[in-house]
$ cat protein.cif   # mmCIF, C-alpha atoms
data_target
#
loop_
_atom_site.group_PDB
_atom_site.id
_atom_site.type_symbol
_atom_site.label_atom_id
_atom_site.label_comp_id
_atom_site.auth_asym_id
_atom_site.auth_seq_id
_atom_site.Cartn_x
_atom_site.Cartn_y
_atom_site.Cartn_z
ATOM 1 C CA MET C 15 0.000 0.000 0.000
ATOM 2 C CA THR C 16 1.389 3.437 -0.963
ATOM 3 C CA ARG C 17 2.014 5.784 1.954
ATOM 4 C CA PRO C 18 0.340 9.199 1.592
ATOM 5 C CA LYS C 19 2.789 12.060 1.061
ATOM 6 C CA ILE C 20 1.830 15.595 2.037
ATOM 7 C CA THR C 21 3.417 19.002 2.462
ATOM 8 C CA LEU C 22 2.751 20.785 5.747
ATOM 9 C CA PHE C 23 3.434 24.517 6.168
ATOM 10 C CA GLU C 24 5.044 25.631 9.431
ATOM 11 C CA ASN C 25 3.575 29.066 10.103
ATOM 12 C CA LEU C 26 6.710 30.543 11.716
ATOM 13 C CA ARG C 27 9.431 29.371 14.069
ATOM 14 C CA THR C 28 8.298 29.928 17.651
ATOM 15 C CA LEU C 29 8.382 28.175 21.013
ATOM 16 C CA GLY C 30 4.604 28.031 21.085
ATOM 17 C CA TYR C 31 4.829 25.357 18.402
ATOM 18 C CA VAL C 32 6.833 22.893 20.511
ATOM 19 C CA PRO C 33 4.105 20.174 20.166
ATOM 20 C CA PHE C 34 4.581 20.187 16.380
ATOM 21 C CA TYR C 35 8.370 19.990 16.643
ATOM 22 C CA LEU C 36 8.066 17.119 19.100
ATOM 23 C CA ALA C 37 5.736 15.328 16.678
ATOM 24 C CA ILE C 38 8.358 15.719 13.943
ATOM 25 C CA GLU C 39 11.294 14.619 16.091
ATOM 26 C CA ARG C 40 9.393 11.674 17.565
ATOM 27 C CA GLU C 41 8.219 10.671 14.053
ATOM 28 C CA GLU C 42 4.606 10.576 15.166
ATOM 29 C CA TRP C 43 3.207 11.115 11.670
ATOM 30 C CA ALA C 44 5.502 8.533 10.117
ATOM 31 C CA ARG C 45 4.235 6.145 12.787
ATOM 32 C CA GLU C 46 0.758 6.856 11.440
ATOM 33 C CA GLY C 47 1.858 5.890 7.931
ATOM 34 C CA VAL C 48 2.049 9.382 6.441
ATOM 35 C CA ASP C 49 5.147 10.950 4.881
ATOM 36 C CA VAL C 50 5.026 14.596 5.965
ATOM 37 C CA THR C 51 7.383 17.189 4.510
ATOM 38 C CA VAL C 52 7.370 20.242 6.771
ATOM 39 C CA THR C 53 8.239 23.506 5.018
ATOM 40 C CA LEU C 54 8.502 26.957 6.573
ATOM 41 C CA SER C 55 5.842 29.259 5.141
ATOM 42 C CA PRO C 56 7.260 32.268 3.238
ATOM 43 C CA SER C 57 5.313 34.504 5.652
ATOM 44 C CA THR C 58 2.542 34.295 8.223
ATOM 45 C CA ASP C 59 0.300 36.153 5.772
ATOM 46 C CA TYR C 60 0.812 33.394 3.202
ATOM 47 C CA THR C 61 0.313 30.334 5.438
ATOM 48 C CA ALA C 62 -3.417 30.041 4.702
ATOM 49 C CA GLN C 63 -3.193 31.468 1.190
ATOM 50 C CA GLY C 64 -0.704 28.751 0.298
ATOM 51 C CA LEU C 65 -3.506 26.208 0.600
ATOM 52 C CA LEU C 66 -5.566 28.079 -1.995
ATOM 53 C CA ASP C 67 -2.548 28.398 -4.282
ATOM 54 C CA GLY C 68 -1.707 24.700 -4.050
ATOM 55 C CA ALA C 69 1.676 25.407 -2.463
ATOM 56 C CA THR C 70 0.907 23.109 0.478
ATOM 57 C CA ASP C 71 -1.641 20.490 1.483
ATOM 58 C CA VAL C 72 -2.063 21.401 5.145
ATOM 59 C CA SER C 73 -0.818 24.276 7.302
ATOM 60 C CA TRP C 74 -0.620 24.948 10.984
ATOM 61 C CA GLY C 75 -1.250 28.412 12.332
ATOM 62 C CA GLY C 76 -3.851 30.658 13.888
ATOM 63 C CA PRO C 77 -7.539 30.073 13.061
ATOM 64 C CA MET C 78 -7.607 33.861 12.894
ATOM 65 C CA ARG C 79 -6.307 33.574 9.317
ATOM 66 C CA VAL C 80 -9.069 31.171 8.346
ATOM 67 C CA MET C 81 -11.671 33.538 9.792
ATOM 68 C CA MET C 82 -10.116 36.407 7.833
ATOM 69 C CA HIS C 83 -10.369 34.407 4.596
ATOM 70 C CA HIS C 84 -14.007 33.521 5.329
ATOM 71 C CA ASP C 85 -14.727 37.177 6.103
ATOM 72 C CA ALA C 86 -13.111 38.356 2.857
ATOM 73 C CA ALA C 87 -15.065 35.745 0.890
ATOM 74 C CA ARG C 88 -18.307 36.944 2.509
ATOM 75 C CA ARG C 89 -17.533 40.489 1.384
ATOM 76 C CA ARG C 90 -17.194 39.187 -2.190
ATOM 77 C CA GLY C 91 -20.362 37.100 -1.927
ATOM 78 C CA GLU C 92 -18.351 33.873 -2.242
ATOM 79 C CA ASP C 93 -17.778 30.717 -0.206
ATOM 80 C CA CYS C 94 -14.400 30.110 1.435
ATOM 81 C CA PRO C 95 -12.983 26.577 1.111
ATOM 82 C CA LEU C 96 -10.693 26.746 4.183
ATOM 83 C CA VAL C 97 -11.395 24.749 7.329
ATOM 84 C CA CYS C 98 -9.578 24.290 10.672
ATOM 85 C CA PHE C 99 -9.179 21.036 12.536
ATOM 86 C CA GLY C 100 -7.529 20.221 15.841
ATOM 87 C CA GLN C 101 -6.632 22.672 18.605
ATOM 88 C CA VAL C 102 -2.945 22.465 19.585
ATOM 89 C CA VAL C 103 -1.904 25.808 21.081
ATOM 90 C CA ALA C 104 -5.025 26.386 23.147
ATOM 91 C CA ARG C 105 -4.137 29.650 24.872
ATOM 92 C CA ASP C 106 -2.593 33.006 24.093
ATOM 93 C CA PRO C 107 1.220 32.766 24.513
ATOM 94 C CA PHE C 108 1.813 36.508 24.894
ATOM 95 C CA VAL C 109 3.055 38.141 28.076
ATOM 96 C CA LEU C 110 3.147 41.658 29.489
ATOM 97 C CA VAL C 111 6.574 42.473 30.922
ATOM 98 C CA GLY C 112 7.127 45.688 32.855
ATOM 99 C CA ARG C 113 10.118 47.595 34.181
ATOM 100 C CA GLU C 114 8.989 47.283 37.804
ATOM 101 C CA PRO C 115 7.304 44.526 39.839
ATOM 102 C CA ASN C 116 3.514 44.329 39.658
ATOM 103 C CA PRO C 117 2.348 41.033 41.181
ATOM 104 C CA ASP C 118 -1.283 42.164 41.486
ATOM 105 C CA PHE C 119 -1.675 43.335 37.898
ATOM 106 C CA ARG C 120 -4.982 44.685 36.613
ATOM 107 C CA PHE C 121 -5.504 46.077 33.116
ATOM 108 C CA ALA C 122 -6.226 49.446 34.704
ATOM 109 C CA ASP C 123 -2.535 49.493 35.679
ATOM 110 C CA LEU C 124 -1.738 50.327 32.051
ATOM 111 C CA THR C 125 -3.260 53.776 32.583
ATOM 112 C CA GLY C 126 -0.619 56.394 31.928
ATOM 113 C CA ARG C 127 1.908 53.800 30.740
ATOM 114 C CA ARG C 128 3.837 53.552 27.498
ATOM 115 C CA LEU C 129 3.066 50.140 26.008
ATOM 116 C CA GLY C 130 5.040 48.381 23.287
ATOM 117 C CA VAL C 131 2.540 46.221 21.398
ATOM 118 C CA ALA C 132 3.496 43.043 19.509
ATOM 119 C CA VAL C 133 2.958 43.806 15.818
ATOM 120 C CA GLU C 134 4.409 40.777 14.031
ATOM 121 C CA VAL C 135 0.949 39.182 13.713
ATOM 122 C CA PRO C 136 -2.577 40.586 14.295
ATOM 123 C CA THR C 137 -3.906 38.242 17.001
ATOM 124 C CA PRO C 138 -2.037 39.595 20.068
ATOM 125 C CA TRP C 139 -3.329 43.112 19.523
ATOM 126 C CA MET C 140 -6.840 41.818 18.788
ATOM 127 C CA THR C 141 -7.000 39.888 22.063
ATOM 128 C CA LEU C 142 -5.342 42.700 24.059
ATOM 129 C CA GLN C 143 -7.746 45.366 22.818
ATOM 130 C CA ASP C 144 -10.627 43.065 23.664
ATOM 131 C CA ASP C 145 -9.293 42.570 27.201
ATOM 132 C CA LEU C 146 -8.824 46.329 27.635
ATOM 133 C CA ASP C 147 -12.310 47.063 26.387
ATOM 134 C CA ARG C 148 -13.852 44.519 28.749
ATOM 135 C CA ALA C 149 -11.835 46.034 31.621
ATOM 136 C CA GLY C 150 -13.043 49.534 30.771
ATOM 137 C CA VAL C 151 -9.580 50.831 29.817
ATOM 138 C CA ALA C 152 -9.976 53.340 26.977
ATOM 139 C CA PRO C 153 -7.336 53.909 24.264
ATOM 140 C CA ALA C 154 -6.820 57.457 25.569
ATOM 141 C CA ASP C 155 -5.825 56.093 28.994
ATOM 142 C CA TRP C 156 -2.443 54.772 27.844
ATOM 143 C CA THR C 157 0.183 55.498 25.204
ATOM 144 C CA ARG C 158 0.954 53.072 22.399
ATOM 145 C CA ALA C 159 4.679 53.261 21.721
ATOM 146 C CA PRO C 160 5.955 53.409 18.135
ATOM 147 C CA ASP C 161 5.652 49.989 16.488
ATOM 148 C CA ARG C 162 8.792 47.895 16.849
ATOM 149 C CA SER C 163 9.626 44.212 16.654
ATOM 150 C CA MET C 164 9.444 42.233 19.886
ATOM 151 C CA GLY C 165 13.226 42.048 20.044
ATOM 152 C CA GLU C 166 13.475 45.810 19.661
ATOM 153 C CA ASN C 167 10.851 46.304 22.353
ATOM 154 C CA VAL C 168 12.911 44.242 24.810
ATOM 155 C CA GLU C 169 15.798 46.648 24.259
ATOM 156 C CA ALA C 170 13.467 49.663 24.488
ATOM 157 C CA LEU C 171 12.210 48.390 27.846
ATOM 158 C CA ALA C 172 15.783 48.044 29.094
ATOM 159 C CA ARG C 173 16.544 51.631 28.013
ATOM 160 C CA GLY C 174 13.437 52.954 29.739
ATOM 161 C CA GLU C 175 11.774 54.081 26.500
ATOM 162 C CA VAL C 176 8.640 52.047 27.289
ATOM 163 C CA ASP C 177 7.090 50.933 30.562
ATOM 164 C CA VAL C 178 5.497 47.655 29.484
ATOM 165 C CA ILE C 179 5.913 45.367 26.475
ATOM 166 C CA GLN C 180 3.740 42.643 24.959
ATOM 167 C CA VAL C 181 5.940 39.752 23.813
ATOM 168 C CA PHE C 182 6.009 35.984 23.612
ATOM 169 C CA GLU C 183 8.831 33.583 24.452
ATOM 170 C CA PRO C 184 11.773 33.684 24.368
ATOM 171 C CA TYR C 185 11.536 37.497 24.464
ATOM 172 C CA ALA C 186 9.723 37.526 27.808
ATOM 173 C CA ASP C 187 12.335 35.255 29.374
ATOM 174 C CA ARG C 188 15.119 37.420 27.917
ATOM 175 C CA ALA C 189 13.541 40.630 29.228
ATOM 176 C CA VAL C 190 13.412 39.119 32.722
ATOM 177 C CA THR C 191 16.703 37.229 32.912
ATOM 178 C CA GLU C 192 18.919 39.654 30.977
ATOM 179 C CA HIS C 193 17.317 43.056 31.558
ATOM 180 C CA GLY C 194 15.670 42.859 34.965
ATOM 181 C CA GLY C 195 12.100 43.014 33.680
ATOM 182 C CA HIS C 196 9.096 41.669 35.579
ATOM 183 C CA VAL C 197 6.225 39.548 34.289
ATOM 184 C CA TRP C 198 2.978 41.445 34.872
ATOM 185 C CA HIS C 199 0.480 39.258 33.085
ATOM 186 C CA ARG C 200 0.282 36.083 31.022
ATOM 187 C CA PHE C 201 -2.587 36.164 28.548
ATOM 188 C CA ALA C 202 -2.877 32.386 28.852
ATOM 189 C CA THR C 203 -4.940 33.077 31.987
ATOM 190 C CA ARG C 204 -7.768 34.176 29.662
ATOM 191 C CA GLY C 205 -8.470 30.494 28.955
ATOM 192 C CA ASP C 206 -8.679 28.563 25.709
ATOM 193 C CA VAL C 207 -8.916 30.733 22.584
ATOM 194 C CA GLY C 208 -8.063 28.263 19.826
ATOM 195 C CA PHE C 209 -4.747 29.983 19.165
ATOM 196 C CA THR C 210 -3.308 27.391 16.768
ATOM 197 C CA SER C 211 -4.780 24.553 14.725
ATOM 198 C CA PHE C 212 -4.228 22.692 11.503
ATOM 199 C CA TYR C 213 -6.053 24.011 8.469
ATOM 200 C CA THR C 214 -6.630 22.855 4.923
ATOM 201 C CA THR C 215 -9.221 23.086 2.166
ATOM 202 C CA ARG C 216 -12.524 21.349 2.759
ATOM 203 C CA ALA C 217 -11.941 19.379 -0.445
ATOM 204 C CA PHE C 218 -8.635 18.001 0.888
ATOM 205 C CA ALA C 219 -10.202 17.238 4.281
ATOM 206 C CA GLU C 220 -12.924 15.189 2.568
ATOM 207 C CA ARG C 221 -10.691 13.537 -0.026
ATOM 208 C CA GLU C 222 -7.835 12.732 2.374
ATOM 209 C CA ARG C 223 -9.892 12.103 5.482
ATOM 210 C CA GLU C 224 -7.689 9.370 6.858
ATOM 211 C CA THR C 225 -4.536 11.417 6.229
ATOM 212 C CA CYS C 226 -6.000 14.282 8.254
ATOM 213 C CA ARG C 227 -6.977 11.861 11.004
ATOM 214 C CA ALA C 228 -3.389 10.600 11.012
ATOM 215 C CA LEU C 229 -2.170 14.165 11.592
ATOM 216 C CA ILE C 230 -4.562 14.466 14.534
ATOM 217 C CA ARG C 231 -3.509 11.132 16.018
ATOM 218 C CA GLY C 232 0.164 12.077 15.698
ATOM 219 C CA ILE C 233 -0.225 15.501 17.295
ATOM 220 C CA GLY C 234 -2.469 13.972 19.943
ATOM 221 C CA ARG C 235 0.296 11.593 20.994
ATOM 222 C CA SER C 236 2.752 14.505 20.929
ATOM 223 C CA LEU C 237 0.503 16.483 23.289
ATOM 224 C CA ARG C 238 0.159 13.479 25.590
ATOM 225 C CA TYR C 239 3.936 13.116 25.716
ATOM 226 C CA LEU C 240 4.420 16.861 26.267
ATOM 227 C CA HIS C 241 2.178 16.888 29.327
ATOM 228 C CA GLY C 242 4.094 14.077 31.008
ATOM 229 C CA ALA C 243 7.726 14.476 29.936
ATOM 230 C CA ASP C 244 10.547 16.241 31.720
ATOM 231 C CA PRO C 245 11.083 19.752 30.281
ATOM 232 C CA ALA C 246 14.820 19.094 29.982
ATOM 233 C CA GLU C 247 14.132 16.029 27.837
ATOM 234 C CA MET C 248 11.839 18.024 25.581
ATOM 235 C CA ALA C 249 14.347 20.883 25.386
ATOM 236 C CA ALA C 250 17.009 18.488 24.145
ATOM 237 C CA ALA C 251 14.631 17.162 21.488
ATOM 238 C CA VAL C 252 13.658 20.585 20.067
ATOM 239 C CA ARG C 253 17.028 22.307 20.494
ATOM 240 C CA PRO C 254 17.826 22.062 16.733
ATOM 241 C CA TYR C 255 14.892 24.399 16.074
ATOM 242 C CA PHE C 256 16.240 27.007 18.506
ATOM 243 C CA PRO C 257 20.046 26.922 18.227
ATOM 244 C CA ASP C 258 20.397 30.386 19.792
ATOM 245 C CA LEU C 259 18.854 29.240 23.081
ATOM 246 C CA SER C 260 20.584 27.125 25.697
ATOM 247 C CA GLU C 261 18.935 23.866 26.736
ATOM 248 C CA GLU C 262 18.594 25.360 30.222
ATOM 249 C CA ALA C 263 16.610 28.330 28.885
ATOM 250 C CA LEU C 264 14.543 26.075 26.632
ATOM 251 C CA ALA C 265 13.662 23.755 29.507
ATOM 252 C CA ARG C 266 12.735 26.705 31.726
ATOM 253 C CA ILE C 267 10.481 28.232 29.074
ATOM 254 C CA ILE C 268 8.826 24.925 28.109
ATOM 255 C CA GLY C 269 8.100 24.224 31.773
ATOM 256 C CA THR C 270 6.580 27.679 32.202
ATOM 257 C CA LEU C 271 4.406 27.433 29.086
ATOM 258 C CA ARG C 272 3.143 24.005 30.065
ATOM 259 C CA GLY C 273 2.446 25.289 33.568
ATOM 260 C CA VAL C 274 0.160 28.084 32.319
ATOM 261 C CA GLY C 275 -1.844 25.651 30.199
ATOM 262 C CA LEU C 276 -0.668 26.940 26.837
ATOM 263 C CA TRP C 277 -0.992 23.586 25.089
ATOM 264 C CA ALA C 278 -4.178 21.586 24.725
ATOM 265 C CA LYS C 279 -4.444 18.210 26.445
ATOM 266 C CA THR C 280 -6.143 16.748 23.355
ATOM 267 C CA PRO C 281 -6.664 18.078 19.793
ATOM 268 C CA ARG C 282 -10.401 18.530 20.356
ATOM 269 C CA PHE C 283 -11.387 22.051 19.188
ATOM 270 C CA PRO C 284 -14.338 23.205 21.341
ATOM 271 C CA PRO C 285 -16.758 25.868 20.094
ATOM 272 C CA THR C 286 -16.105 27.985 23.195
ATOM 273 C CA ALA C 287 -12.448 28.447 22.229
ATOM 274 C CA PHE C 288 -13.356 29.389 18.672
ATOM 275 C CA VAL C 289 -15.989 31.879 19.818
ATOM 276 C CA ARG C 290 -13.652 33.525 22.314
ATOM 277 C CA LEU C 291 -11.110 34.186 19.575
ATOM 278 C CA LYS C 292 -13.791 35.282 17.098
ATOM 279 C CA ALA C 293 -15.181 37.808 19.598
ATOM 280 C CA ALA C 294 -11.793 39.518 19.846
ATOM 281 C CA LEU C 295 -11.459 39.692 16.061
ATOM 282 C CA LEU C 296 -14.928 41.194 15.767
ATOM 283 C CA THR C 297 -14.432 43.824 18.472
ATOM 284 C CA GLY C 298 -11.046 44.707 16.989
ATOM 285 C CA GLY C 299 -12.516 45.131 13.514
ATOM 286 C CA LEU C 300 -10.262 42.511 11.930
ATOM 287 C CA ILE C 301 -13.361 40.703 10.657
ATOM 288 C CA ALA C 302 -16.822 42.127 10.030
ATOM 289 C CA HIS C 303 -18.893 38.944 9.832
ATOM 290 C CA ASP C 304 -19.832 36.398 12.473
ATOM 291 C CA ILE C 305 -18.174 33.279 11.040
ATOM 292 C CA PRO C 306 -20.049 30.154 12.228
ATOM 293 C CA TYR C 307 -18.039 27.479 14.022
ATOM 294 C CA ASP C 308 -19.474 24.718 11.831
ATOM 295 C CA LEU C 309 -18.378 26.576 8.708
ATOM 296 C CA ALA C 310 -14.754 27.138 9.763
ATOM 297 C CA VAL C 311 -14.014 24.097 11.971
ATOM 298 C CA ASP C 312 -14.205 20.392 11.133
ATOM 299 C CA ALA C 313 -15.219 19.112 14.570
ATOM 300 C CA ASP C 314 -15.379 15.489 13.426
ATOM 301 C CA LEU C 315 -11.694 15.504 12.476
ATOM 302 C CA SER C 316 -10.792 17.328 15.662
ATOM 303 C CA ASP C 317 -12.505 14.610 17.726
ATOM 304 C CA THR C 318 -10.489 11.781 16.157
ATOM 305 C CA PRO C 319 -9.671 9.279 18.961
ATOM 306 C CA ILE C 320 -6.026 9.201 20.042
ATOM 307 C CA PRO C 321 -4.714 5.630 20.392
ATOM 308 C CA ALA C 322 -2.826 4.493 23.446
ATOM 309 C CA ASP C 323 0.946 4.378 23.143
#
$ encode --input "protein.cif" --output "C-alpha cells"
Amino acid sequence: MTRPKITLFENLRTLGYVPFYLAIEREEWAREGVDVTVTLSPSTDYTAQGLLDGATDVSWGGPMRVMMHHDAARRRGEDCPLVCFGQVVARDPFVLVGREPNPDFRFADLTGRRLGVAVEVPTPWMTLQDDLDRAGVAPADWTRAPDRSMGENVEALARGEVDVIQVFEPYADRAVTEHGGHVWHRFATRGDVGFTSFYTTRAFAERERETCRALIRGIGRSLRYLHGADPAEMAAAVRPYFPDLSEEALARIIGTLRGVGLWAKTPRFPPTAFVRLKAALLTGGLIAHDIPYDLAVDADLSDTPIPAD
C-alpha cells in the first residue's frame, strides 16, 4: 500500500509550536503511515493562502487567518474553502513584561503607561484590545509606543523608553533574565482561545480524510507526551529548532508554558475556544462577519480518537 505524502506549512518558528516539533522529532506522523514534509511558510500572511494556491496540502497556524479568509469571501459574496481542525496551542502565549514589579496586575494598571505592542501578527493586539475594552480601559488612557519588533521592544524596555511590552517567548524570558524586567500578566490566563490549529481546504479534508486523522492522532500523541515528559528532555529534542537558546533556557520556558496551560491536552477544538477568539477579532474590527463554528471548523476531524501508546 502506498504511503500518503503531504506538504505541511510551518507558520513561523516559535516556542509556542513545541508540540509540532516534538511530533516531527518523535516521528509521530511517520508512525501513522504518512510521509510529511514540513516547510517553513514564506510569511505568516501566506500560510493560509498557500492552501488556496496549491503550495501546500495542510498548514498549521492561527484560526484567525481562516476567519479572515471567510470574512473576505463573505464580502465578495463567495464561499471560502478553508477549514480548521484540531486545537494544539489552546491559549494566548503573549506576556506583558514591565520595568517594575507588579504582582497584582490589573488592566487598569496600564493607565498612563507607554506600552510596546506586539505587531508581528494581528492576534495579540486583537486579544489585548478586547481585554482592555472589557476592563473599561480606553485607548486614551495609555500610550501606544511606536511599532517595533518584539526584540526591539525588549531593548526599548531596558533603556526605559517604554514601561510595558507585549511579547512571547523567548523574548519575555530574555527581558526578565537579561534586563531585569518583571512579568505582569500572562494572557494564557484568559483560557482557551483556539490559538493554533491545523487548516486545509474542505476538499482536501474530505478527499484525504484518513490522512488528516493521522495528523490528529500524531499531534495527539505529541501532546500526551508533552504533558508528562521532563522539560529538559523536551528541550534536548527541540534544540535544533532554537540553536540560539541554551537547553537550560529552553527547559525553563517549556516548563513555564506548560504550567500556564498553553498547550491543549487533546486536539479537540471546542466551540467555546473558537468563539472567544472570534469575539476579539470582531471587536477589533479585523473581521466584520460572524463566522459560524461549523463553517470554519471540522469538529469530526478534531474529535479523532487518540490511540494508546
$ resolve_selection --input "protein.cif" --expression "the PyMOL selection byres ((chain C and resi 43) around 10)" --output "number ranges by chain"
C: 37-42, 44-50, 225, 228-233, 235-236
$ closest_atom_pairs --input "protein.cif" --of "segment 92-178 of chain C" --to "segment 249-272 of chain C" --cutoff "12 Å" --atoms "only C-alpha atoms" --output "tab-separated table"
residue	atom	partner	partner_atom	distance
C:Val103	CA	C:Leu271	CA	10.3
C:Ala104	CA	C:Arg272	CA	11.0
C:Arg105	CA	C:Leu271	CA	9.8
C:Asp106	CA	C:Leu271	CA	10.2
C:Pro107	CA	C:Leu271	CA	7.7
C:Phe108	CA	C:Leu271	CA	10.3
C:Val109	CA	C:Leu271	CA	10.8
$ write_last_selection --input "protein.cif" --atoms "C-alpha atoms" --output "mmCIF file, in the frame of the given file"
data_model
loop_
_atom_site.group_PDB
_atom_site.id
_atom_site.type_symbol
_atom_site.label_atom_id
_atom_site.label_comp_id
_atom_site.auth_asym_id
_atom_site.auth_seq_id
_atom_site.Cartn_x
_atom_site.Cartn_y
_atom_site.Cartn_z
ATOM 1 C CA VAL C 103 -1.904 25.808 21.081
ATOM 2 C CA ALA C 104 -5.025 26.386 23.147
ATOM 3 C CA ARG C 105 -4.137 29.650 24.872
ATOM 4 C CA ASP C 106 -2.593 33.006 24.093
ATOM 5 C CA PRO C 107 1.220 32.766 24.513
ATOM 6 C CA PHE C 108 1.813 36.508 24.894
ATOM 7 C CA VAL C 109 3.055 38.141 28.076
#
$ atom_distance --input "protein.cif" --atom1 "atom CA of Val97 of chain C" --atom2 "atom CA of Leu142 of chain C"
25.3 Å
$ resolve_selection --input "protein.cif" --expression "the PyMOL selection byres ((chain C and resi 61-74) around 7)" --output "list in words"
Ile20, Thr21, Leu22, Phe23, Glu24, Asn25, Ser55, Ser57, Thr58, Asp59, Tyr60, Gly75, Arg79, Val80, Thr210, Ser211, Phe212, Tyr213, Thr214 and Thr215 of chain C
$ residues_around --input "protein.cif" --residues "Pro136 of chain C" --least-positions-apart "4" --cutoff "9 Å" --atoms "all atoms listed in the file" --output "PyMOL selection string"
chain C and resi 78+132+140-141+300
$ resolve_selection --input "protein.cif" --expression "the PyMOL selection byres ((chain C and resi 312) around 9)" --output "PyMOL selection string"
chain C and resi 97-100+216+219+283+307-311+313-317
$ write_last_selection --input "protein.cif" --atoms "C-alpha atoms" --output "PDB file, keeping the file's coordinate frame"
ATOM      1  CA  VAL C  97     -11.395  24.749   7.329  1.00  0.00           C
ATOM      2  CA  CYS C  98      -9.578  24.290  10.672  1.00  0.00           C
ATOM      3  CA  PHE C  99      -9.179  21.036  12.536  1.00  0.00           C
ATOM      4  CA  GLY C 100      -7.529  20.221  15.841  1.00  0.00           C
ATOM      5  CA  ARG C 216     -12.524  21.349   2.759  1.00  0.00           C
ATOM      6  CA  ALA C 219     -10.202  17.238   4.281  1.00  0.00           C
ATOM      7  CA  PHE C 283     -11.387  22.051  19.188  1.00  0.00           C
ATOM      8  CA  TYR C 307     -18.039  27.479  14.022  1.00  0.00           C
ATOM      9  CA  ASP C 308     -19.474  24.718  11.831  1.00  0.00           C
ATOM     10  CA  LEU C 309     -18.378  26.576   8.708  1.00  0.00           C
ATOM     11  CA  ALA C 310     -14.754  27.138   9.763  1.00  0.00           C
ATOM     12  CA  VAL C 311     -14.014  24.097  11.971  1.00  0.00           C
ATOM     13  CA  ALA C 313     -15.219  19.112  14.570  1.00  0.00           C
ATOM     14  CA  ASP C 314     -15.379  15.489  13.426  1.00  0.00           C
ATOM     15  CA  LEU C 315     -11.694  15.504  12.476  1.00  0.00           C
ATOM     16  CA  SER C 316     -10.792  17.328  15.662  1.00  0.00           C
ATOM     17  CA  ASP C 317     -12.505  14.610  17.726  1.00  0.00           C
TER      18      ASP C 317
END
$ atom_distance --input "protein.cif" --atom1 "atom CA of Gly242 of chain C" --atom2 "atom CA of Gly273 of chain C"
11.6 Å
$ atom_distance --input "protein.cif" --atom1 "atom CA of Val133 of chain C" --atom2 "atom CA of Leu296 of chain C"
18.1 Å
$ closest_residue --input "protein.cif" --among "C:Arg238, C:Ala159, C:Phe288, C:Pro18" --to "Glu175 of chain C" --atoms "all atoms listed in the file"
C:Ala159
$ closest_residue --input "protein.cif" --among "C:Ala149, C:Pro138, C:Glu222, C:Ser163" --to "Arg200 of chain C" --atoms "only C-alpha atoms"
C:Pro138
$ closest_residue --input "protein.cif" --among "C:Leu171, C:Val178, C:Val111, C:Met82" --to "Leu295 of chain C" --atoms "all atoms listed in the file"
C:Met82
$ residues_around --input "protein.cif" --residues "Leu129 of chain C" --least-positions-apart "4" --cutoff "10 Å" --atoms "all atoms listed in the file" --output "list in words"
Leu110, Val111, Gly112, Leu124, Thr125, Trp156, Thr157, Arg158, Ala159, Pro160, Asp161, Asn167, Leu171, Glu175, Val176, Asp177, Val178, Ile179 and Gln180 of chain C
$ decode --input "protein.cif" --residues "segment 203-245 of chain C" --atoms "C-alpha atoms" --output "short mmCIF file (atom, residue, chain, number, x, y, z; two decimals), in the first residue's frame"
data_model
loop_
_atom_site.label_atom_id
_atom_site.label_comp_id
_atom_site.auth_asym_id
_atom_site.auth_seq_id
_atom_site.Cartn_x
_atom_site.Cartn_y
_atom_site.Cartn_z
CA THR C 203 -4.94 33.08 31.99
CA ARG C 204 -7.77 34.18 29.66
CA GLY C 205 -8.47 30.49 28.95
CA ASP C 206 -8.68 28.56 25.71
CA VAL C 207 -8.92 30.73 22.58
CA GLY C 208 -8.06 28.26 19.83
CA PHE C 209 -4.75 29.98 19.17
CA THR C 210 -3.31 27.39 16.77
CA SER C 211 -4.78 24.55 14.73
CA PHE C 212 -4.23 22.69 11.50
CA TYR C 213 -6.05 24.01 8.47
CA THR C 214 -6.63 22.85 4.92
CA THR C 215 -9.22 23.09 2.17
CA ARG C 216 -12.52 21.35 2.76
CA ALA C 217 -11.94 19.38 -0.44
CA PHE C 218 -8.64 18.00 0.89
CA ALA C 219 -10.20 17.24 4.28
CA GLU C 220 -12.92 15.19 2.57
CA ARG C 221 -10.69 13.54 -0.03
CA GLU C 222 -7.84 12.73 2.37
CA ARG C 223 -9.89 12.10 5.48
CA GLU C 224 -7.69 9.37 6.86
CA THR C 225 -4.54 11.42 6.23
CA CYS C 226 -6.00 14.28 8.25
CA ARG C 227 -6.98 11.86 11.00
CA ALA C 228 -3.39 10.60 11.01
CA LEU C 229 -2.17 14.17 11.59
CA ILE C 230 -4.56 14.47 14.53
CA ARG C 231 -3.51 11.13 16.02
CA GLY C 232 0.16 12.08 15.70
CA ILE C 233 -0.23 15.50 17.29
CA GLY C 234 -2.47 13.97 19.94
CA ARG C 235 0.30 11.59 20.99
CA SER C 236 2.75 14.50 20.93
CA LEU C 237 0.50 16.48 23.29
CA ARG C 238 0.16 13.48 25.59
CA TYR C 239 3.94 13.12 25.72
CA LEU C 240 4.42 16.86 26.27
CA HIS C 241 2.18 16.89 29.33
CA GLY C 242 4.09 14.08 31.01
CA ALA C 243 7.73 14.48 29.94
CA ASP C 244 10.55 16.24 31.72
CA PRO C 245 11.08 19.75 30.28
#
